[in-house]
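Notes follow once the structure below has been shown.
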Amino acid sequence: MKLGLACLVLGYLLSQFYRAFLAVLAGPLTQDLGVTPDDLALSSGLWFLVFAAAQIPLGMALDQIGPRRTTALMLGLGGTGGAALFAMAQSATHIHLAMMLLGVGCAPVLMASYYIFARSFPAAMFATLAGAVIGLGSLGNILGAWPLAWASEVYGWRAALWTMAGITAAVAAVLWVVIPDPPRAQAPEGTKPRLRDVLRIRALWWMMPLLFVNYAPAAGLRGLWAGPYLTDLYGANANVVGQVTLVMAFAMIAGNFAYGPLDRLLGTRKWVILGGNLLGACALGILAFSPAMGLWASAALLAAVGFFGASFPMLMAHGRSFIPPHLTGRGVTLINLFSIGGVGLLQVASGHVHRLGDGGVTSYSLLFGFFAVLMLAGCVLYLFATDRTD
């Protein structure tokens, strides 16, 4: 069990890398392929949209055939194939297709971990374990920051992606061998597990709007907009972009570990989640009003967005507490669909918001304001959610 979970963390590290590496490669891709920031916004959004769409069949697969085969096959075929296609890309269309394949490959890794936690560990430990997986797996954000910037400058971005394709294939092969399949939960007699049974759980309804917008600012800024923002407003080179995104990556890791045990320490999930997201919205608001305040002041606020935006494991634990055992796979993947689907749609929308400005300060003021308003709206609706701890 421990070995299997350790390998799933390694797989999730790859997932974090693939959702975030475009920010660092924005300059080289523009120079070599002529792609624009808006092209990359679409590519990044497609990763998240395909990832989200995969959650529905993934939930059924986890409940019916288990996490081992599901994860190894999807990561091996989609992840390896997507990285290889990216390494051979000659146009923005190839980048779009590669990111879609990568979205399929990365879709099952985190949910397989959560499925095992829900089926094999005490419920009160779920938030801490969930946060630890994301925190450790977020080291992939670090690989997708300065180390990737260095590798792309020294060896070229194509060589770096071919290397990642080989690593992905190796990890998928190991997962096929070591992931444990927990015992399946039996549905009540005379019933059949269905996704609509999860949709009928009213307690989830007030959580879904915040889930939809919660992760989008941190993922969008760290995975895409940090690079163009720092380049356009501060003239930063790839090395500086790598350093700033590295700081943001560390902040996101710290946030996941910080949120994890707070439900047990404070006896609440709702107010921990609400307080953290309001602070993240404040950081976005400051950036919206003064996007050119200075390089390292901006970097500090980007780090704050990453830190306070790391509440997804706590939101997952809050939602999972209302889901019956026989619907675990469908439940956790539905929650993940809202979160990742929100990132995908808002990532695509962010490109349109950016184009409303002049390409400089106004564009980024609108972008940060867009994310801030959405976060505040999600927090307002989440006020009506029912608090629950295990």
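Every chain in the structure tokens has a letter given in the order shown (A, B, ...), and although residue numbers restart at 1 in each chain, ligands are simply numbered from 1 in the order shown.
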Find the residues around Phe86 of chain A up to 12 Å (only C-alpha atoms counted), leave out those fewer than 5 positions away in its own chain, and share them as an MDAnalysis selection string. chainID A and resid 18 21:22 25 29 33 43 78:81 91:102 157:165
Do you know which residues are at most 9 Å from Phe308 of chain A counting only C-alpha atoms, after dropping those on the same chain fewer than 5 positions away, and could you put them as a PyMOL selection string? chain A and resi 218+251-252+255-256+259+275-281+303
Hey, which of A:Leu356, A:Leu42, A:Ala226, A:Val133 ends up closest to Ile253 of chain A? Count only C-alpha atoms. A:Val133
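Across A:Leu211, A:Leu110, A:Leu10, A:Ala372, the tightest approach to Phe51 of chain A is made by A:Leu110 when counting only C-alpha atoms.
Using only C-alpha atoms, the residues found no farther than 8 Å from Thr71 of chain A, other than those of its own chain fewer than 3 positions away, are Pro67, Arg68, Met74, Leu75, Pro108, Val109, Ala112, Ala172, Leu175 and Trp176 of chain A.
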Any chance you could export the current selection's N, CA, C and O atoms as an mmCIF file, in the first residue's frame?
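For reference, selection.cif as written:
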```cif
data_model
loop_
_atom_site.group_PDB
_atom_site.id
_atom_site.type_symbol
_atom_site.label_atom_id
_atom_site.label_comp_id
_atom_site.auth_asym_id
_atom_site.auth_seq_id
_atom_site.Cartn_x
_atom_site.Cartn_y
_atom_site.Cartn_z
ATOM 1 N N PRO A 67 -8.219 1.234 -9.221
ATOM 2 C CA PRO A 67 -7.278 2.283 -9.623
ATOM 3 C C PRO A 67 -6.048 1.790 -10.386
ATOM 4 O O PRO A 67 -5.427 2.557 -11.109
ATOM 5 N N ARG A 68 -5.662 0.514 -10.243
ATOM 6 C CA ARG A 68 -4.391 0.071 -10.813
ATOM 7 C C ARG A 68 -4.392 0.146 -12.340
ATOM 8 O O ARG A 68 -3.597 0.867 -12.952
ATOM 9 N N MET A 74 -4.074 4.886 -18.601
ATOM 10 C CA MET A 74 -4.320 6.264 -19.032
ATOM 11 C C MET A 74 -3.040 7.093 -19.018
ATOM 12 O O MET A 74 -2.755 7.848 -19.951
ATOM 13 N N LEU A 75 -2.237 6.940 -17.961
ATOM 14 C CA LEU A 75 -0.988 7.698 -17.899
ATOM 15 C C LEU A 75 -0.003 7.207 -18.956
ATOM 16 O O LEU A 75 0.675 8.015 -19.618
ATOM 17 N N PRO A 108 -6.265 10.452 -14.096
ATOM 18 C CA PRO A 108 -6.623 9.508 -13.030
ATOM 19 C C PRO A 108 -5.725 9.528 -11.804
ATOM 20 O O PRO A 108 -6.084 8.946 -10.783
ATOM 21 N N VAL A 109 -4.566 10.181 -11.848
ATOM 22 C CA VAL A 109 -3.545 9.933 -10.827
ATOM 23 C C VAL A 109 -3.994 10.389 -9.438
ATOM 24 O O VAL A 109 -3.951 9.621 -8.469
ATOM 25 N N ALA A 112 -7.114 8.455 -8.117
ATOM 26 C CA ALA A 112 -6.786 7.102 -7.659
ATOM 27 C C ALA A 112 -6.280 7.146 -6.218
ATOM 28 O O ALA A 112 -6.638 6.303 -5.390
ATOM 29 N N ALA A 172 4.380 4.922 -15.540
ATOM 30 C CA ALA A 172 3.161 4.162 -15.832
ATOM 31 C C ALA A 172 3.396 2.666 -15.699
ATOM 32 O O ALA A 172 2.547 1.929 -15.167
ATOM 33 N N LEU A 175 3.498 1.779 -12.027
ATOM 34 C CA LEU A 175 2.159 1.838 -11.421
ATOM 35 C C LEU A 175 1.353 0.577 -11.725
ATOM 36 O O LEU A 175 0.562 0.125 -10.896
ATOM 37 N N TRP A 176 1.524 0.025 -12.914
ATOM 38 C CA TRP A 176 0.810 -1.208 -13.259
ATOM 39 C C TRP A 176 1.158 -2.334 -12.291
ATOM 40 O O TRP A 176 0.324 -3.190 -11.978
#
```
Could you check the closest approach to Gly285 of chain A for each of A:Leu301, A:Leu246, A:Ala203, A:Ile142 and tell me which residue wins, using only C-alpha atoms? A:Leu301
Please provide as a PDB file with C-alpha atoms, in the first residue's frame all residues within 9 Å of Ser321 of chain A, with the sequence filter that same-chain residues fewer than 2 positions apart are discarded (counting only C-alpha atoms).
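The result, stored in out-v5.pdb:
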```pdb
ATOM      1  CA  ALA A 123     -12.155   9.396   7.328  1.00  0.00           C
ATOM      2  CA  MET A 316     -12.505  17.630  -1.419  1.00  0.00           C
ATOM      3  CA  ALA A 317     -12.596  16.371   2.178  1.00  0.00           C
ATOM      4  CA  HIS A 318     -15.643  18.553   2.866  1.00  0.00           C
ATOM      5  CA  GLY A 319     -17.499  17.208  -0.162  1.00  0.00           C
ATOM      6  CA  ILE A 323     -20.730  10.829  -0.212  1.00  0.00           C
ATOM      7  CA  PRO A 324     -21.680   7.202   0.667  1.00  0.00           C
ATOM      8  CA  ARG A 388     -19.068  18.963   8.478  1.00  0.00           C
ATOM      9  CA  THR A 389     -15.973  17.208   9.842  1.00  0.00           C
ATOM     10  CA  ASP A 390     -15.421  13.460  10.171  1.00  0.00           C
TER      11      ASP A 390
END
```
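For the pair atom CA of Asp197 of chain A and atom CA of Ile179 of chain A, the separation is 28.0 Å.
Note that the spacing between atom CA of Phe250 of chain A and atom CA of Phe307 of chain A amounts to 8.4 Å.
When the distance limit is 7 Å and only C-alpha atoms are what count, the residues near Arg222 of chain A, minus those fewer than 2 positions from it on the same chain, are A:Ala20, A:Ala218, A:Ala219, A:Gly220, A:Leu224, A:Trp225, A:Ala226, A:Thr245, A:Met248.
With distances restricted to only C-alpha atoms, A:Gly227 is the closest residue to Pro37 of chain A from A:Pro209, A:Gly227, A:Gly156, A:Gly66.
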How many Å separate atom CA of Leu334 of chain A from atom CA of Pro180 of chain A? 22.3 Å
So which one's closest to Met293 of chain A, A:Asn239, A:Ser350, A:Asn336, A:Ser365? Using only C-alpha atoms, please. A:Ser365
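Residue nearest Trp206 of chain A, chosen from A:Ile273, A:Leu265, A:Ala41, A:Cys379 and counting only C-alpha atoms: A:Cys379.
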Could you name the residues that touch Val50 of chain A at 10 Å or less, counting only C-alpha atoms, but leaving out those on the same chain fewer than 5 positions away, as a ChimeraX atom specification? /A:45,55,99-107,337,340-341,344
